[in-house]
Amino acid sequence: MNFTEILHGTLSPDQNIRVQATNALDSVEKDNFPQYVTALIGELVNEGNNTSVRMAAGIALKNTLTAREDKRKEEYMMRWLQVDPSVRNQIKQGVLGTLATSDSQASRAAAQTIAAIAAIELPQNQWPDAINTLLTNVNTQNEHLKKASLQAIGYICESIDPEILASQSNTILTAVVQGANASETNQEVRHAAITALYNSLEFVRENFEREGERNVIMQTICEATQSPSVAVQVTAFECLVRIMQLYYDKMQFYMEKALYGLTILGMKHEEEKIALQAIEFWSTVCDEEIELALDEAEAEESGQPIEVRSHRFALTALPQILPTLLWLLTKQDEDADEDEWNISMAAATCLSLLAQTVEDAIVPQVIPFVEQNIRNPDWHFREAAVMAFGSILEGPQATVLAPLVSQALPVLIEMLKDESVHVKDTAAWTLGRVCELLIECIQLDVHLHNLLSALVEGLKDNQRIVSNCCWAIMNLTEQLGGADADTYPLSQYFEGIVATLMQITESNVNENNSRVSAYEAMATLCSTGAKDTHPTIGKLAVAIIERLEFTIKNQSQVLNMDDRLALLELQSHLLAVLTNAVRALGAEVSAFSDKLMTDLLEILTTAGHSSVVEDVFLTVGALITSLGPNFKRYFDSFSPFLNQALQNYQEIQLCSISVGMIGDICRGFGPDVKQYCDAFMQILLKNLESAELSRDVKPPILSCFGDIAMAIGGEFHKYLEYVLPALASACTVSANMQPTDFDTIDYNNQLRSGIFEAYVGIIQGLKSSNQCDAISPHVQPLFEFLRIIFMDSNRTEDVTRPMIGLVGDLADAFPQGQIKEQLQADWVNSLIKEGRQSPRGSTMRMLARYAREKVKAATSA
């Protein structure tokens, strides 16, 4: 087999040849992996091969060692480690040798492969001389070898756990700093070194703690921002961004000595890539200081010491940064793609973050720019003025902004008719921000009619501004809406808005996501509209059902994959509107529910594993809630799809939705659900025990037990022998789970919430038939678990709320002093007191009042 020809084939412009070549490589990889990697290294090291073949061989070799998916990555690791050590050594020597080649693409591929092997072997304490070999190469006179070795070090630092390299951090840091400093005249080598330094920043934390070493690192990076090479400058600024994220608390000295000036000069650089990174530096400063402000507020509220204080870099630099950012706002490119990140967009984002950081201080410095340019004959300055105003609406106090916004509203509304599409688009966005953040500034009797008229006209304008007009309408209806109210300020405009949105969606054009935005706006209007809009929502639902039926009839004729995906996406948008319409209309959906359910079942029959199935389930869930017991006439037809989804472990989101749907069914059917409960419980208990099912689905399953118990009351008694041990096991797992990271903490809180919701439902269900004695043996361990969770600082409000309710239910279930001792524990009183300190009218406060009354009654017996 001629590997050279096959690798050539993988690069062919002819798709058939590419497929044949790729299949040939896959076949050899599968049949004889050692032979495959040996052949690839032979092609990579062969100086006689052209660049494309060597690069293809290197990439193919690297791809046999690493993958994005964790499971496949693990498989590749095991496969490599099972290869004969002599073969592995041959591969490693080959890629190390290729670093010296003058073929830069081949050497880069070799560097990537070295990093992939290192990521597998170094954690296994294998290939101990890998880093030392590369560091030795860095001191060579061969520029190609030096550059490629630095690239390899960079790739290793990027891909491997920092702790594994911590013992070699000093030597790695010395080498990359040496390659990155100003004395290195080869800018390609310097770029490789500064990139490696960027990738090593996280694991050189101990070095950064030492002032002398930190000074050397910072000096090297700051000097690199002045390199004659654009690539070196860009990466140097990237380093500064990353350092600000990792070591904010160490930056005060360097900000005062160099970084203020360097970054502001960088923002003004004529090379866009450099300017973008310099802007990103200040966006990162703002991000950090926003987080620190939140941390400081939480620490003061809880009486805890503040670990890291904000140095207020953004406020200090405001007089220098702001004029630069405002100037950069005027650097729009009329022909730029809307999704393309550019200078003016970066400046606007930074300005918005700056406003959130320095708050009121930004207003007097931005408003003069707005006033001077809002009527400028050059659209660049008009658009920049509107963008500046919109960008500072979050951060300063509403009392500071209110008079300015009220004054600006008529001007902004007028600018929706500007001759420039860019100005109109930004005006619509700014109005959307006003509707979202400062709704109180919109005087309904003064501004609302003109505002809505302008936004609806904007929906008929250029596709570019439709999305922001839709967004503004969505924010307006969310802020003014009241689904339970008889009427609301948008009622008289509701039908006209919906009619215009429907016209947009009739077009096949989705430029700038205009059609998607229109569907999203309709869905939001359905969910927020008052009762007097229900006739319009009903008509809209019928029209959307007709569109849904049209897609169903035509889907069999769609053969092209892109068209198929577009049709599924359209069905998802239609279903989103229908879901919200059904929720809003309640029992009124019976007028068209037969038709809708027929269509939904048809989609489920033909959709297979597409994501639209999840959307169908959400719509069915809304129907169950709205129809209640009247949904039972559809249940026999729907239940096979529900059972299939409940047992579909691969589709995690769908499985989770289907578990939640059982809760909807229980609440909708009430006691009549008991005829289905044996089947539900069998599947749920099996899912709970399954090692294949994602752990994220299991807390909702526990909560679902509570829903079933609430619905069927004493009938739940027969399931206790299976459910109570499962809950006890979940309590043990939760109590012993170590809070190693945010994901674990979040999952554990979800698990605890599910446990408590299950117990609440079970206790209330059993109490309705005086059967609570069945859980008496579990009460003491349950109180011990509650005490442990009460003491946990990671406990969230979503956990505390059902905890308080559960304590009240336990006190109510055993009122004759049976659990008096447990209820008199100090932590119980503290838990209830915590709930009573919640805001007036909150669910937590009401539950705390309920729990206090029940505990008082149970302990006074």
# chains A, B, ... in the order shown; residues from 1 in each chain; ligands from 1
>>> residues_around(residues="range 322-335 of chain A", least_positions_apart="3", cutoff="10 Å", atoms="only C-alpha atoms", output="ChimeraX atom specification")
/A:264-265,267-268,275,279,314,317-319,338,342-351,354,362,365-366,369-370,378-385,387-388,420-422
>>> write_last_selection(atoms="N, CA and C atoms", output="CSV table (one decimal), in the first residue's frame")
chain,number,residue,atom,x,y,z
A,264,ILE,N,-3.2,51.4,26.3
A,264,ILE,CA,-3.9,52.5,25.6
A,264,ILE,C,-3.3,52.8,24.3
A,265,LEU,N,-1.9,52.7,24.2
A,265,LEU,CA,-1.3,52.9,22.9
A,265,LEU,C,-1.7,51.7,22.0
A,267,MET,N,-4.5,50.1,22.0
A,267,MET,CA,-5.8,50.3,21.5
A,267,MET,C,-5.9,51.2,20.3
A,268,LYS,N,-4.9,52.1,20.2
A,268,LYS,CA,-4.8,53.0,19.1
A,268,LYS,C,-4.0,52.5,17.9
A,275,ALA,N,-4.9,46.0,18.3
A,275,ALA,CA,-5.9,46.9,18.9
A,275,ALA,C,-6.9,46.1,19.6
A,279,ILE,N,-7.9,46.2,23.6
A,279,ILE,CA,-9.2,46.5,24.1
A,279,ILE,C,-9.7,45.3,25.0
A,314,ALA,N,-10.0,50.3,36.5
A,314,ALA,CA,-10.9,50.9,35.5
A,314,ALA,C,-11.2,52.4,35.8
A,317,ALA,N,-8.2,54.6,35.3
A,317,ALA,CA,-7.8,54.8,33.9
A,317,ALA,C,-8.9,55.5,33.1
A,318,LEU,N,-10.1,55.7,33.7
A,318,LEU,CA,-11.2,56.1,32.9
A,318,LEU,C,-11.0,57.4,32.1
A,319,PRO,N,-10.3,58.4,32.6
A,319,PRO,CA,-10.1,59.6,31.7
A,319,PRO,C,-9.2,59.3,30.5
A,338,GLU,N,-22.0,41.4,9.9
A,338,GLU,CA,-22.5,41.8,11.2
A,338,GLU,C,-21.9,40.8,12.3
A,342,ASN,N,-15.0,43.2,15.2
A,342,ASN,CA,-14.1,44.2,14.8
A,342,ASN,C,-13.9,45.3,15.8
A,343,ILE,N,-13.1,46.3,15.5
A,343,ILE,CA,-12.7,47.3,16.5
A,343,ILE,C,-13.9,48.0,17.1
A,344,SER,N,-14.9,48.4,16.3
A,344,SER,CA,-16.0,49.2,16.9
A,344,SER,C,-16.8,48.3,17.8
A,345,MET,N,-17.0,47.1,17.4
A,345,MET,CA,-17.8,46.1,18.3
A,345,MET,C,-17.1,45.9,19.6
A,346,ALA,N,-15.7,45.7,19.5
A,346,ALA,CA,-15.0,45.4,20.7
A,346,ALA,C,-15.0,46.6,21.6
A,347,ALA,N,-14.9,47.8,21.0
A,347,ALA,CA,-14.9,49.0,21.8
A,347,ALA,C,-16.3,49.2,22.5
A,348,ALA,N,-17.4,48.9,21.8
A,348,ALA,CA,-18.7,49.0,22.4
A,348,ALA,C,-18.9,48.0,23.6
A,349,THR,N,-18.4,46.8,23.4
A,349,THR,CA,-18.4,45.8,24.5
A,349,THR,C,-17.6,46.3,25.7
A,350,CYS,N,-16.4,46.8,25.5
A,350,CYS,CA,-15.6,47.3,26.6
A,350,CYS,C,-16.3,48.5,27.3
A,351,LEU,N,-16.9,49.3,26.5
A,351,LEU,CA,-17.6,50.5,27.1
A,351,LEU,C,-18.7,50.0,28.0
A,354,LEU,N,-17.3,48.7,31.1
A,354,LEU,CA,-16.7,49.8,31.8
A,354,LEU,C,-17.8,50.5,32.6
A,362,ILE,N,-19.2,57.2,34.8
A,362,ILE,CA,-19.0,57.2,33.3
A,362,ILE,C,-20.0,58.1,32.6
A,365,GLN,N,-19.0,61.7,31.4
A,365,GLN,CA,-17.9,61.7,30.4
A,365,GLN,C,-18.4,61.2,29.1
A,366,VAL,N,-19.5,60.5,29.0
A,366,VAL,CA,-20.0,60.0,27.8
A,366,VAL,C,-21.0,60.9,27.1
A,369,PHE,N,-20.1,63.5,24.4
A,369,PHE,CA,-19.8,62.8,23.1
A,369,PHE,C,-21.1,62.5,22.4
A,370,VAL,N,-22.1,62.0,23.1
A,370,VAL,CA,-23.4,61.7,22.5
A,370,VAL,C,-24.1,63.0,22.0
A,378,ASP,N,-22.1,62.8,9.4
A,378,ASP,CA,-21.4,61.6,9.1
A,378,ASP,C,-22.1,60.4,9.9
A,379,TRP,N,-22.6,59.4,9.2
A,379,TRP,CA,-23.3,58.3,9.9
A,379,TRP,C,-22.5,57.6,10.9
A,380,HIS,N,-21.1,57.6,10.6
A,380,HIS,CA,-20.2,56.9,11.6
A,380,HIS,C,-20.3,57.5,13.0
A,381,PHE,N,-20.4,58.8,13.0
A,381,PHE,CA,-20.4,59.5,14.3
A,381,PHE,C,-21.8,59.4,14.9
A,382,ARG,N,-22.9,59.5,14.1
A,382,ARG,CA,-24.2,59.3,14.6
A,382,ARG,C,-24.4,58.0,15.3
A,383,GLU,N,-24.0,56.9,14.5
A,383,GLU,CA,-24.1,55.6,15.0
A,383,GLU,C,-23.3,55.4,16.3
A,384,ALA,N,-22.1,56.0,16.3
A,384,ALA,CA,-21.2,55.9,17.5
A,384,ALA,C,-21.8,56.5,18.7
A,385,ALA,N,-22.5,57.7,18.5
A,385,ALA,CA,-23.2,58.4,19.6
A,385,ALA,C,-24.3,57.5,20.2
A,387,MET,N,-24.6,54.2,19.9
A,387,MET,CA,-24.0,53.0,20.5
A,387,MET,C,-23.4,53.4,21.9
A,388,ALA,N,-22.8,54.5,22.0
A,388,ALA,CA,-22.2,55.0,23.3
A,388,ALA,C,-23.3,55.1,24.4
A,420,SER,N,-29.3,55.9,7.4
A,420,SER,CA,-28.3,54.8,7.5
A,420,SER,C,-28.9,53.6,8.2
A,421,VAL,N,-28.7,52.5,7.5
A,421,VAL,CA,-29.2,51.2,8.1
A,421,VAL,C,-28.4,51.0,9.4
A,422,HIS,N,-27.2,51.3,9.5
A,422,HIS,CA,-26.4,51.1,10.7
A,422,HIS,C,-26.9,51.9,11.9
>>> residues_around(residues="Tyr247 in chain A", least_positions_apart="3", cutoff="10 Å", atoms="only C-alpha atoms", output="list of chain:residue names")
A:Leu201, A:Glu202, A:Arg205, A:Phe208, A:Glu209, A:Leu240, A:Arg242, A:Ile243, A:Met244, A:Lys250, A:Met251
>>> write_last_selection(atoms="C-alpha atoms", output="mmCIF file, in the first residue's frame")
data_model
loop_
_atom_site.group_PDB
_atom_site.id
_atom_site.type_symbol
_atom_site.label_atom_id
_atom_site.label_comp_id
_atom_site.auth_asym_id
_atom_site.auth_seq_id
_atom_site.Cartn_x
_atom_site.Cartn_y
_atom_site.Cartn_z
ATOM 1 C CA LEU A 201 1.002 30.975 32.722
ATOM 2 C CA GLU A 202 -1.364 28.850 34.764
ATOM 3 C CA ARG A 205 1.779 30.313 39.834
ATOM 4 C CA PHE A 208 4.492 34.497 39.911
ATOM 5 C CA GLU A 209 4.327 34.689 43.688
ATOM 6 C CA LEU A 240 -1.446 40.356 29.513
ATOM 7 C CA ARG A 242 -4.544 36.041 30.685
ATOM 8 C CA ILE A 243 -2.324 37.397 33.466
ATOM 9 C CA MET A 244 -5.046 39.863 34.451
ATOM 10 C CA LYS A 250 -0.428 41.177 41.723
ATOM 11 C CA MET A 251 -0.942 43.798 39.009
#
>>> residues_around(residues="Glu546 in chain A", least_positions_apart="4", cutoff="12 Å", atoms="only C-alpha atoms", output="short mmCIF file (atom, residue, chain, number, x, y, z; two decimals) with C-alpha atoms, in the first residue's frame")
data_model
loop_
_atom_site.label_atom_id
_atom_site.label_comp_id
_atom_site.auth_asym_id
_atom_site.auth_seq_id
_atom_site.Cartn_x
_atom_site.Cartn_y
_atom_site.Cartn_z
CA LYS A 539 -56.05 32.85 16.11
CA LEU A 540 -52.25 32.86 16.01
CA ALA A 541 -52.13 29.29 17.36
CA VAL A 542 -54.51 28.08 14.64
CA PHE A 550 -47.69 22.18 5.84
CA THR A 551 -44.18 21.23 7.01
CA ILE A 552 -45.38 17.74 7.96
CA LYS A 553 -46.94 17.17 4.53
CA GLN A 571 -40.76 23.15 13.11
CA LEU A 574 -43.42 26.85 15.28
CA LEU A 575 -43.60 24.53 18.28
CA LEU A 578 -47.45 26.89 20.12
CA PHE A 592 -57.99 23.13 18.57
CA LYS A 595 -55.90 19.01 15.58
CA LEU A 596 -52.71 19.97 17.39
CA ASP A 599 -49.96 16.83 14.26
#
>>> select_by_dssp(residues="range 236-376 of chain A", states="helix (DSSP H, G or I)", output="VMD selection string")
chain A and resid 236 to 246 248 to 250 252 to 267 272 to 302 313 to 329 343 to 373
>>> residues_around(residues="Met710 in chain A", least_positions_apart="5", cutoff="10 Å", atoms="only C-alpha atoms", output="PyMOL selection string")
chain A and resi 663+666-667+670-671+704-705+715-716+758+760-768
>>> residues_around(residues="range 434-451 of chain A", least_positions_apart="5", cutoff="8 Å", atoms="only C-alpha atoms", output="MDAnalysis selection string")
chainID A and resid 390 393:394 398 402:403 405:406 409:410 413 472 475:476 479 489
>>> closest_residue(among="A:Gln233, A:Ser517, A:Ser793, A:Gln219", to="Tyr254 in chain A", atoms="only C-alpha atoms")
A:Gln219
>>> atom_distance(atom1="CA of Pro85 in chain A", atom2="CA of Asn49 in chain A")
27.0 Å
>>> residues_around(residues="Ala523 in chain A", least_positions_apart="3", cutoff="8 Å", atoms="only C-alpha atoms", output="list in words")
Tyr519, Glu520, Cys526, Ser527, Ala576, Val577, Leu578, Asn580 and Ala581 of chain A
>>> write_last_selection(atoms="N, CA and C atoms", output="mmCIF file, in the first residue's frame")
data_model
loop_
_atom_site.group_PDB
_atom_site.id
_atom_site.type_symbol
_atom_site.label_atom_id
_atom_site.label_comp_id
_atom_site.auth_asym_id
_atom_site.auth_seq_id
_atom_site.Cartn_x
_atom_site.Cartn_y
_atom_site.Cartn_z
ATOM 1 N N TYR A 519 -40.284 34.807 15.138
ATOM 2 C CA TYR A 519 -40.914 33.689 15.859
ATOM 3 C C TYR A 519 -40.676 33.809 17.366
ATOM 4 N N GLU A 520 -39.458 34.184 17.751
ATOM 5 C CA GLU A 520 -39.160 34.346 19.175
ATOM 6 C C GLU A 520 -40.014 35.450 19.790
ATOM 7 N N CYS A 526 -46.962 35.688 23.321
ATOM 8 C CA CYS A 526 -47.949 34.712 23.809
ATOM 9 C C CYS A 526 -47.806 34.489 25.318
ATOM 10 N N SER A 527 -46.572 34.442 25.801
ATOM 11 C CA SER A 527 -46.344 34.128 27.216
ATOM 12 C C SER A 527 -46.589 35.312 28.132
ATOM 13 N N ALA A 576 -42.295 26.246 19.450
ATOM 14 C CA ALA A 576 -42.031 27.167 20.564
ATOM 15 C C ALA A 576 -43.175 28.165 20.717
ATOM 16 N N VAL A 577 -43.681 28.675 19.584
ATOM 17 C CA VAL A 577 -44.824 29.593 19.641
ATOM 18 C C VAL A 577 -46.052 28.867 20.182
ATOM 19 N N LEU A 578 -46.288 27.656 19.680
ATOM 20 C CA LEU A 578 -47.454 26.892 20.119
ATOM 21 C C LEU A 578 -47.384 26.546 21.602
ATOM 22 N N ASN A 580 -46.003 28.219 24.053
ATOM 23 C CA ASN A 580 -46.360 29.387 24.860
ATOM 24 C C ASN A 580 -47.828 29.760 24.691
ATOM 25 N N ALA A 581 -48.355 29.583 23.476
ATOM 26 C CA ALA A 581 -49.773 29.882 23.247
ATOM 27 C C ALA A 581 -50.654 28.941 24.064
#
